[in-house]
file target_5.tsv (TSV, C-alpha atoms and all ligand atoms)
chain	number	residue	atom	x	y	z
L	22	MET	CA	-55.76	0.50	-183.47
L	23	THR	CA	-53.02	2.00	-181.26
L	24	PRO	CA	-51.81	0.01	-178.21
L	25	ARG	CA	-53.90	0.92	-175.20
L	26	PHE	CA	-54.14	-0.58	-171.71
L	27	ALA	CA	-56.77	0.56	-169.24
L	28	ALA	CA	-58.26	-0.34	-165.87
L	29	THR	CA	-60.51	1.24	-163.26
L	30	ALA	CA	-60.04	0.75	-159.51
L	31	VAL	CA	-61.84	1.83	-156.36
L	32	ALA	CA	-60.13	2.49	-153.03
L	33	HIS	CA	-61.59	3.73	-149.78
L	34	SER	CA	-60.12	6.36	-147.54
L	35	ASN	CA	-58.73	5.42	-144.15
L	36	ILE	CA	-58.46	7.35	-140.92
L	37	ALA	CA	-55.59	6.69	-138.57
L	38	LEU	CA	-56.42	6.08	-134.92
L	39	ILE	CA	-52.70	5.95	-134.19
L	40	LYS	CA	-51.23	8.62	-136.42
L	41	TYR	CA	-48.49	8.55	-139.02
L	42	TRP	CA	-46.81	11.93	-138.76
L	43	GLY	CA	-43.19	12.29	-139.83
L	44	LYS	CA	-40.76	10.44	-142.08
L	45	LEU	CA	-37.49	8.64	-141.55
L	46	PRO	CA	-34.55	10.86	-142.53
L	47	ILE	CA	-33.83	8.71	-145.60
L	48	SER	CA	-35.19	8.88	-149.12
L	49	GLY	CA	-38.16	6.75	-150.13
L	50	ASN	CA	-40.98	8.17	-147.95
L	51	TYR	CA	-40.77	5.77	-144.99
L	52	PRO	CA	-42.83	6.61	-141.89
L	53	ALA	CA	-40.97	7.48	-138.70
L	54	VAL	CA	-43.74	6.12	-136.48
L	55	PRO	CA	-46.13	3.15	-136.62
L	56	SER	CA	-49.77	3.84	-137.45
L	57	LEU	CA	-53.08	1.99	-137.11
L	58	SER	CA	-56.09	2.80	-139.27
L	59	LEU	CA	-59.62	1.90	-140.22
L	60	THR	CA	-60.57	1.88	-143.92
L	61	LEU	CA	-63.98	3.54	-144.34
L	62	ASP	CA	-66.83	2.34	-146.53
L	63	ALA	CA	-68.42	5.73	-147.17
L	64	LEU	CA	-65.38	7.66	-148.47
L	65	ARG	CA	-64.07	6.44	-151.79
L	66	THR	CA	-62.00	7.32	-154.83
L	67	ARG	CA	-62.63	5.81	-158.26
L	68	THR	CA	-59.74	6.08	-160.73
L	69	ARG	CA	-59.36	5.06	-164.36
L	70	VAL	CA	-55.88	4.76	-165.81
L	71	THR	CA	-55.30	4.47	-169.55
L	72	PHE	CA	-51.82	3.93	-170.96
L	73	ASP	CA	-51.79	4.83	-174.64
L	74	SER	CA	-48.95	4.98	-177.18
L	75	GLN	CA	-50.55	8.13	-178.64
L	76	TYR	CA	-50.18	10.22	-175.45
L	77	SER	CA	-47.22	12.61	-175.31
L	78	GLN	CA	-47.36	13.22	-171.54
L	79	ASP	CA	-49.20	12.08	-168.40
L	80	GLU	CA	-52.51	13.80	-167.72
L	81	PHE	CA	-54.45	13.87	-164.46
L	82	GLU	CA	-58.08	14.89	-164.05
L	83	LEU	CA	-59.62	15.03	-160.57
L	84	ASP	CA	-63.32	15.63	-160.04
L	85	GLY	CA	-63.66	16.94	-163.60
L	86	LYS	CA	-60.74	19.40	-163.43
L	87	ARG	CA	-57.33	19.08	-165.07
L	88	VAL	CA	-54.59	18.96	-162.41
L	89	LEU	CA	-51.03	20.21	-163.04
L	90	GLU	CA	-47.77	20.88	-161.17
L	91	ARG	CA	-47.03	19.10	-157.87
L	92	PRO	CA	-50.12	16.81	-157.72
L	93	LEU	CA	-49.47	15.75	-161.35
L	94	GLN	CA	-45.78	15.15	-160.54
L	95	ARG	CA	-46.78	12.86	-157.64
L	96	VAL	CA	-49.10	10.90	-159.93
L	97	SER	CA	-46.35	10.65	-162.57
L	98	SER	CA	-43.83	9.41	-160.00
L	99	LEU	CA	-46.12	6.48	-159.15
L	100	LEU	CA	-46.76	5.84	-162.87
L	101	ASP	CA	-42.98	5.93	-163.50
L	102	ALA	CA	-42.39	3.22	-160.89
L	103	ILE	CA	-45.10	1.06	-162.49
L	104	ARG	CA	-43.86	1.71	-166.04
L	105	SER	CA	-40.40	0.67	-164.95
L	106	LEU	CA	-41.68	-2.58	-163.37
L	107	ALA	CA	-43.80	-3.39	-166.43
L	108	SER	CA	-41.23	-2.23	-169.03
L	109	LEU	CA	-43.96	-0.02	-170.44
L	110	GLU	CA	-43.13	3.26	-172.14
L	111	TYR	CA	-46.53	4.80	-172.72
L	112	PHE	CA	-47.81	7.87	-170.96
L	113	ALA	CA	-51.14	7.68	-169.16
L	114	LYS	CA	-54.36	9.52	-168.67
L	115	VAL	CA	-55.64	9.33	-165.09
L	116	VAL	CA	-59.26	10.26	-164.40
L	117	SER	CA	-60.21	10.24	-160.76
L	118	SER	CA	-63.22	11.20	-158.65
L	119	ASN	CA	-63.79	11.42	-154.92
L	120	ASN	CA	-67.21	11.20	-153.29
L	121	PHE	CA	-65.99	13.56	-150.51
L	122	PRO	CA	-64.01	16.86	-150.25
L	123	THR	CA	-60.42	16.60	-151.56
L	124	ALA	CA	-57.34	17.70	-149.55
L	125	SER	CA	-59.14	18.85	-146.42
L	126	GLY	CA	-58.21	16.25	-143.83
L	127	LEU	CA	-60.42	13.42	-145.06
L	128	ALA	CA	-57.44	11.44	-146.35
L	129	SER	CA	-58.13	11.92	-150.05
L	130	SER	CA	-54.47	11.17	-150.81
L	131	ALA	CA	-54.83	7.82	-149.02
L	132	SER	CA	-57.70	6.61	-151.19
L	133	GLY	CA	-56.36	8.50	-154.23
L	134	PHE	CA	-52.92	6.90	-154.37
L	135	ALA	CA	-54.30	3.50	-153.41
L	136	ALA	CA	-56.82	3.60	-156.28
L	137	LEU	CA	-54.12	4.85	-158.65
L	138	ALA	CA	-51.67	2.11	-157.65
L	139	VAL	CA	-54.29	-0.63	-158.13
L	140	ALA	CA	-55.64	0.74	-161.43
L	141	ALA	CA	-52.22	1.49	-162.94
L	142	THR	CA	-50.61	-1.83	-161.99
L	143	HIS	CA	-53.62	-3.68	-163.40
L	144	ALA	CA	-53.68	-1.57	-166.59
L	145	ALA	CA	-49.94	-2.19	-167.05
L	146	GLY	CA	-50.55	-5.94	-166.91
L	147	LEU	CA	-48.74	-6.48	-163.61
L	148	ASN	CA	-50.19	-9.15	-161.36
L	149	LEU	CA	-48.87	-7.99	-157.97
L	150	GLU	CA	-49.60	-9.10	-154.42
L	151	PRO	CA	-51.30	-6.50	-152.16
L	152	ALA	CA	-47.98	-5.98	-150.31
L	153	ALA	CA	-46.21	-4.96	-153.51
L	154	ILE	CA	-49.03	-2.56	-154.47
L	155	SER	CA	-49.07	-1.16	-150.93
L	156	SER	CA	-45.32	-0.53	-151.20
L	157	LEU	CA	-45.70	1.34	-154.51
L	158	ALA	CA	-48.47	3.48	-152.98
L	159	ARG	CA	-46.48	4.11	-149.78
L	160	ALA	CA	-43.57	5.59	-151.68
L	161	CYS	CA	-45.93	8.36	-152.89
L	162	SER	CA	-48.24	8.78	-149.88
L	163	ALA	CA	-47.60	6.69	-146.79
L	164	SER	CA	-51.20	6.68	-145.60
L	165	SER	CA	-52.30	5.23	-148.96
L	166	ALA	CA	-50.36	2.04	-148.21
L	167	ARG	CA	-53.03	1.28	-145.56
L	168	SER	CA	-55.97	1.86	-147.98
L	169	ILE	CA	-54.88	-1.13	-150.07
L	170	HIS	CA	-56.37	-3.18	-147.23
L	171	GLY	CA	-59.93	-3.23	-145.93
L	172	GLY	CA	-60.90	-2.83	-142.28
L	173	TRP	CA	-58.09	-2.41	-139.77
L	174	ALA	CA	-54.58	-1.94	-141.11
L	175	SER	CA	-51.21	-0.91	-139.75
L	176	LEU	CA	-48.01	0.53	-141.16
L	177	ASP	CA	-44.91	-0.01	-139.04
L	178	ALA	CA	-42.17	2.58	-138.68
L	179	GLY	CA	-39.78	2.19	-141.61
L	180	ALA	CA	-42.03	-0.44	-143.22
L	181	ASP	CA	-42.20	-0.98	-146.94
L	182	SER	CA	-45.90	-1.91	-146.95
L	183	ALA	CA	-48.94	-1.94	-144.70
L	184	ASN	CA	-50.35	-4.99	-142.87
L	185	ALA	CA	-53.96	-6.15	-142.99
L	186	LEU	CA	-54.94	-6.71	-139.34
L	187	ASP	CA	-58.64	-7.51	-139.38
L	188	SER	CA	-61.41	-7.15	-141.97
L	189	GLY	CA	-63.51	-5.19	-139.50
L	190	GLN	CA	-66.58	-7.33	-140.18
L	191	ASN	CA	-66.78	-8.86	-136.70
L	192	TRP	CA	-66.87	-5.70	-134.62
L	193	ASP	CA	-69.63	-3.14	-135.17
L	194	VAL	CA	-67.68	0.07	-134.76
L	195	VAL	CA	-68.38	3.17	-136.81
L	196	LEU	CA	-66.40	6.33	-137.39
L	197	ILE	CA	-68.66	9.35	-137.83
L	198	VAL	CA	-67.15	12.23	-139.76
L	199	ALA	CA	-68.31	15.67	-138.64
L	200	VAL	CA	-67.60	17.85	-141.68
L	201	THR	CA	-66.90	21.44	-140.72
L	202	ASP	CA	-65.36	23.17	-143.70
L	203	PRO	CA	-64.79	21.55	-147.07
L	204	GLY	CA	-62.20	24.17	-148.16
L	205	PRO	CA	-58.68	23.01	-149.09
L	206	LYS	CA	-56.06	22.98	-146.36
L	207	ALA	CA	-53.49	25.77	-146.09
L	208	ILE	CA	-50.43	23.52	-146.07
L	209	GLY	CA	-50.07	19.97	-147.37
L	210	SER	CA	-49.29	17.14	-144.96
L	211	THR	CA	-45.90	16.33	-146.48
L	212	GLN	CA	-44.61	19.88	-146.04
L	213	ALA	CA	-46.17	20.16	-142.59
L	214	MET	CA	-44.53	16.91	-141.40
L	215	ILE	CA	-41.13	18.10	-142.58
L	216	ARG	CA	-41.61	21.41	-140.79
L	217	CYS	CA	-42.60	19.64	-137.56
L	218	ALA	CA	-39.54	17.37	-137.75
L	219	ASP	CA	-37.25	20.31	-138.45
L	220	THR	CA	-38.58	22.81	-135.93
L	221	SER	CA	-40.82	21.34	-133.21
L	222	PRO	CA	-39.04	20.65	-129.90
L	223	TYR	CA	-41.72	18.00	-129.28
L	224	PHE	CA	-41.07	15.99	-132.42
L	225	ALA	CA	-38.36	13.73	-130.95
L	226	ALA	CA	-40.64	12.86	-128.02
L	227	TRP	CA	-43.46	12.11	-130.47
L	228	VAL	CA	-41.30	9.63	-132.38
L	229	GLU	CA	-39.89	8.07	-129.22
L	230	THR	CA	-43.25	7.47	-127.54
L	231	ALA	CA	-45.32	6.44	-130.58
L	232	PRO	CA	-44.42	2.69	-130.55
L	233	VAL	CA	-45.75	2.19	-127.01
L	234	LEU	CA	-49.02	3.89	-127.84
L	235	PHE	CA	-49.29	1.84	-131.05
L	236	ALA	CA	-48.75	-1.42	-129.11
L	237	ARG	CA	-51.40	-0.40	-126.56
L	238	ALA	CA	-53.86	0.36	-129.37
L	239	CYS	CA	-53.18	-2.96	-131.14
L	240	GLY	CA	-53.84	-4.77	-127.85
L	241	ALA	CA	-57.10	-2.86	-127.40
L	242	LEU	CA	-58.16	-3.73	-130.95
L	243	HIS	CA	-57.32	-7.37	-130.35
L	244	HIS	CA	-59.54	-7.40	-127.24
L	245	ARG	CA	-62.29	-5.34	-128.94
L	246	ASP	CA	-61.92	-2.83	-126.10
L	247	LEU	CA	-63.47	0.35	-127.51
L	248	ASP	CA	-62.74	2.43	-124.44
L	249	ALA	CA	-59.02	1.56	-124.41
L	250	LEU	CA	-58.75	1.98	-128.19
L	251	GLY	CA	-60.56	5.32	-128.11
L	252	ARG	CA	-58.32	6.64	-125.34
L	253	CYS	CA	-55.20	5.64	-127.32
L	254	MET	CA	-56.63	7.40	-130.39
L	255	GLU	CA	-57.19	10.62	-128.48
L	256	GLU	CA	-53.66	10.51	-126.99
L	257	SER	CA	-52.15	10.01	-130.45
L	258	THR	CA	-54.28	12.85	-131.83
L	259	TRP	CA	-53.21	15.36	-129.18
L	260	ARG	CA	-49.54	14.37	-129.40
L	261	MET	CA	-49.55	14.79	-133.19
L	262	HIS	CA	-51.23	18.19	-132.95
L	263	ALA	CA	-48.76	19.18	-130.22
L	264	THR	CA	-45.91	18.73	-132.72
L	265	MET	CA	-47.87	20.85	-135.24
L	266	LEU	CA	-48.71	23.66	-132.82
L	267	THR	CA	-45.07	23.87	-131.65
L	268	ALA	CA	-43.58	23.93	-135.16
L	269	VAL	CA	-42.19	27.23	-136.45
L	270	PRO	CA	-44.28	28.68	-137.93
L	271	ALA	CA	-47.06	26.73	-136.21
L	272	VAL	CA	-49.15	24.34	-138.31
L	273	VAL	CA	-52.76	24.87	-137.24
L	274	TYR	CA	-55.32	22.54	-138.78
L	275	ILE	CA	-57.81	22.69	-135.92
L	276	SER	CA	-60.42	25.45	-135.87
L	277	PRO	CA	-62.76	26.78	-133.16
L	278	ILE	CA	-65.39	24.40	-134.52
L	279	THR	CA	-62.98	21.46	-134.22
L	280	LEU	CA	-62.55	22.29	-130.54
L	281	ALA	CA	-66.28	22.82	-130.03
L	282	ILE	CA	-66.93	19.31	-131.38
L	283	ILE	CA	-64.21	17.79	-129.21
L	284	ASN	CA	-65.62	19.53	-126.11
L	285	GLU	CA	-69.11	18.30	-126.92
L	286	ILE	CA	-67.90	14.70	-127.27
L	287	ARG	CA	-65.95	14.90	-124.02
L	288	SER	CA	-68.89	16.29	-122.10
L	289	ARG	CA	-71.65	14.09	-123.55
L	290	ARG	CA	-70.01	10.68	-123.72
L	291	SER	CA	-70.68	8.19	-120.96
L	292	ALA	CA	-70.30	4.53	-120.16
L	293	SER	CA	-73.63	3.89	-121.88
L	294	VAL	CA	-72.78	5.96	-124.99
L	295	PRO	CA	-69.00	5.74	-125.52
L	296	ALA	CA	-67.54	8.11	-128.13
L	297	TYR	CA	-63.95	9.14	-128.90
L	298	PHE	CA	-62.61	11.82	-131.23
L	299	THR	CA	-59.75	12.28	-133.63
L	300	THR	CA	-58.80	15.00	-136.08
L	301	ASP	CA	-56.17	15.06	-138.82
L	302	ALA	CA	-54.64	17.53	-141.25
L	303	GLY	CA	-57.86	19.55	-141.44
L	304	PRO	CA	-60.65	20.86	-139.21
L	305	HIS	CA	-63.07	17.93	-139.46
L	306	VAL	CA	-63.55	15.63	-136.49
L	307	LYS	CA	-64.05	11.88	-136.67
L	308	VAL	CA	-65.84	10.16	-133.82
L	309	LEU	CA	-65.40	6.48	-132.95
L	310	THR	CA	-68.38	4.72	-131.42
L	311	MET	CA	-70.38	1.51	-131.75
L	312	ALA	CA	-72.90	1.19	-134.59
L	313	GLU	CA	-75.77	0.97	-132.08
L	314	HIS	CA	-74.90	4.51	-130.85
L	315	ALA	CA	-74.38	6.06	-134.29
L	316	ALA	CA	-77.77	7.82	-134.39
L	317	ALA	CA	-77.35	9.30	-130.90
L	318	VAL	CA	-73.81	10.55	-131.56
L	319	ARG	CA	-74.81	11.94	-134.93
L	320	SER	CA	-77.62	13.91	-133.26
L	321	TRP	CA	-75.07	15.48	-130.84
L	322	LEU	CA	-72.89	16.45	-133.79
L	323	THR	CA	-75.60	17.92	-136.01
L	324	GLN	CA	-76.62	20.31	-133.22
L	325	ILE	CA	-73.19	21.93	-133.08
L	326	PRO	CA	-73.06	25.24	-135.01
L	327	GLY	CA	-70.55	24.94	-137.88
L	328	VAL	CA	-71.03	21.22	-138.48
L	329	THR	CA	-72.20	21.16	-142.09
L	330	ASP	CA	-72.57	17.42	-142.61
L	331	THR	CA	-72.11	14.09	-140.87
L	332	ILE	CA	-71.04	10.86	-142.57
L	333	ILE	CA	-71.40	7.53	-140.79
L	334	CYS	CA	-68.61	5.20	-141.93
L	335	LYS	CA	-68.39	1.47	-141.32
L	336	PRO	CA	-65.27	-0.60	-141.97
L	337	GLY	CA	-64.66	-0.48	-145.71
L	338	PRO	CA	-63.34	-3.03	-148.22
L	339	ALA	CA	-59.85	-3.47	-149.64
L	340	ALA	CA	-59.03	-1.60	-152.84
L	341	PHE	CA	-60.24	-3.47	-155.91
L	342	VAL	CA	-60.31	-3.43	-159.70
L	343	GLU	CA	-63.71	-2.69	-161.12
L	344	THR	CA	-64.97	-5.26	-163.55
L	345	PRO	CA	-65.61	-3.56	-166.87
L	346	VAL	CA	-69.29	-3.23	-167.75
L	347	THR	CA	-69.85	-4.76	-171.15
L	348	GLU	CA	-71.54	-2.26	-173.43
L	349	GLY	CA	-75.04	-3.20	-174.36
L	350	HIS	CA	-75.20	-5.81	-171.62
L	351	THR	CA	-78.41	-6.00	-169.60
L	352	ALA	CA	-78.61	-7.93	-166.39
M	1	LIG	C1	-52.36	9.50	-141.04
M	1	LIG	N1	-52.01	11.78	-141.99
M	1	LIG	O1	-51.82	8.62	-140.40
M	1	LIG	C2	-51.86	10.93	-140.84
M	1	LIG	C3	-52.57	11.62	-139.73
M	1	LIG	C4	-52.59	13.05	-141.65
M	1	LIG	C5	-52.67	13.08	-140.19
M	1	LIG	O2	-50.99	10.36	-143.34
M	1	LIG	O3	-46.33	12.82	-147.10
M	1	LIG	O4	-50.81	12.28	-147.36
M	1	LIG	O5	-47.89	11.77	-148.71
M	1	LIG	O6	-46.71	10.36	-147.02
M	1	LIG	O7	-50.08	10.08	-146.37
M	1	LIG	C6	-51.50	12.38	-144.33
M	1	LIG	O8	-50.29	12.23	-144.96
M	1	LIG	O9	-48.49	12.00	-146.35
M	1	LIG	C7	-51.47	11.45	-143.18
M	1	LIG	P1	-47.29	11.70	-147.36
M	1	LIG	P2	-50.00	11.54	-146.36
M	1	LIG	O10	-53.34	9.28	-141.79

call {"tool": "encode", "arguments": {"input": "target_5.tsv", "output": "structure tokens", "more": "lines below"}}
Ligand code: 2P0
result
Amino acid sequence: MTPRFAATAVAHSNIALIKYWGKLPISGNYPAVPSLSLTLDALRTRTRVTFDSQYSQDEFELDGKRVLERPLQRVSSLLDAIRSLASLEYFAKVVSSNNFPTASGLASSASGFAALAVAATHAAGLNLEPAAISSLARACSASSARSIHGGWASLDAGADSANALDSGQNWDVVLIVAVTDPGPKAIGSTQAMIRCADTSPYFAAWVETAPVLFARACGALHHRDLDALGRCMEESTWRMHATMLTAVPAVVYISPITLAIINEIRSRRSASVPAYFTTDAGPHVKVLTMAEHAAAVRSWLTQIPGVTDTIICKPGPAAFVETPVTEGHTA
């Protein structure tokens, strides 16, 4: 028998209501602005990590396909940090699957790096607190720091790790994803953020004003004020996209269908059916409403030409290690 250490973990994606967009001008991948997110039950990544003395390099398989180059380097950089902490020298095989489209604005890197951090630390025999795992994940993908936690989470500007704010179990909100185009995005978020910081005349204003919006949103969450929270989310969304659209060359993730969905939400929502939109580094739109209105809002969305699917997401759980199923065991 050769030495072998393995674990499987599940992490759920999260969508930011108050957006992380931009990094501090120091090494280590620290966010320049505070963000507030909801971890989603319906969008998940499952990742198995196996460290084995027989492997001669790290390998990464995502949704059945071998992944090389930059995505593999990012995985290896997280594995390197964990190997260093655990004084482990073995390479690893990472096998990962998403139950939703990868790299198209549904935060697959958030759930992906969170699942990898949990599985790899566990496989390496490290018994770390969530804050330490969140920090390891953040260094590779800042949004993934929030997916270590369930429900509502935040990541402060310059923070090492994300905070768990509320499990989400006592407030029946849902986020409905209107899927428009599952194709991969033209430019990755990391590159796009750097371009915005370097070239958008609006970027400094974005960074300067983000903390006030974040504080307003946290207050709205605390008071379970959907209308106030939704309005903060929309302001953050437009401000983030303003930095993208004014970068050189412009970063355009929104499509005509994105705007059609936003217009539909703005025209159909009312005091009796509240609904608020956000959109990220891709054309899909996510709509915040109460669970009791999910069916009505979904019916608005499915009637819009170009909406190919809708996914109703409730607050999701924290990332966790999957208990191995004993072979031959029957319940
Ligand atoms: C967010 N996004 O807060 C924002 C809103 C996309 C738009 O975090 O460079 O993959 O790896 O730290 O975490 C996507 O960026 O970026 C993201 P890196 P990440 O969810």

call {"tool": "residues_near_point", "arguments": {"input": "target_5.tsv", "point": "(-64.4, 2.0, -146.6)", "cutoff": "12 Å", "atoms": "all atoms listed in the file", "output": "number ranges by chain"}}
result
L: 31-36, 58-66, 120, 128, 131-132, 167-174, 188-190, 195-196, 332-341

call {"tool": "residues_near_ligand", "arguments": {"input": "target_5.tsv", "ligand": "ligand LIG 1 (chain M)", "cutoff": "6 Å", "atoms": "all atoms listed in the file", "output": "ChimeraX atom specification"}}
result
/L:36-37,40-42,56,130-131,161-165,210-211,301-302

call {"tool": "residues_around", "arguments": {"input": "target_5.tsv", "residues": "Thr267 of chain L", "least_positions_apart": "3", "cutoff": "10 Å", "atoms": "only C-alpha atoms", "output": "ChimeraX atom specification"}}
result
/L:217,220-224,262-264,270-273

call {"tool": "closest_residue", "arguments": {"input": "target_5.tsv", "among": "L:Asp177, L:Val96, L:Met265, L:Val328", "to": "Arg216 of chain L", "atoms": "all atoms listed in the file"}}
result
L:Met265

call {"tool": "closest_residue", "arguments": {"input": "target_5.tsv", "among": "L:Asp101, L:Glu229, L:Asp248, L:Glu256", "to": "Ser291 of chain L", "atoms": "only C-alpha atoms"}}
result
L:Asp248

call {"tool": "residues_around", "arguments": {"input": "target_5.tsv", "residues": "segment 277-288 of chain L", "least_positions_apart": "2", "cutoff": "9 Å", "atoms": "all atoms listed in the file", "output": "ChimeraX atom specification"}}
result
/L:199,201,274-275,290-291,296-300,304-306,308,318,321-322,325-328

call {"tool": "residues_around", "arguments": {"input": "target_5.tsv", "residues": "Phe81 of chain L", "least_positions_apart": "6", "cutoff": "10 Å", "atoms": "only C-alpha atoms", "output": "ChimeraX atom specification"}}
result
/L:70,87-89,92-94,96-97,113-117

call {"tool": "atom_distance", "arguments": {"input": "target_5.tsv", "atom1": "atom CA of Ala180 of chain L", "atom2": "atom CA of Ser108 of chain L"}}
result
25.9 Å

call {"tool": "atom_distance", "arguments": {"input": "target_5.tsv", "atom1": "atom CA of Arg25 of chain L", "atom2": "atom CA of Asp73 of chain L"}}
result
4.5 Å

call {"tool": "atom_distance", "arguments": {"input": "target_5.tsv", "atom1": "atom CA of Ala316 of chain L", "atom2": "atom CA of Asn191 of chain L"}}
result
20.1 Å

call {"tool": "residues_around", "arguments": {"input": "target_5.tsv", "residues": "Leu99 of chain L", "least_positions_apart": "3", "cutoff": "8 Å", "atoms": "only C-alpha atoms", "output": "PyMOL selection string"}}
result
chain L and resi 95-96+102-103+138+157-158+160-161
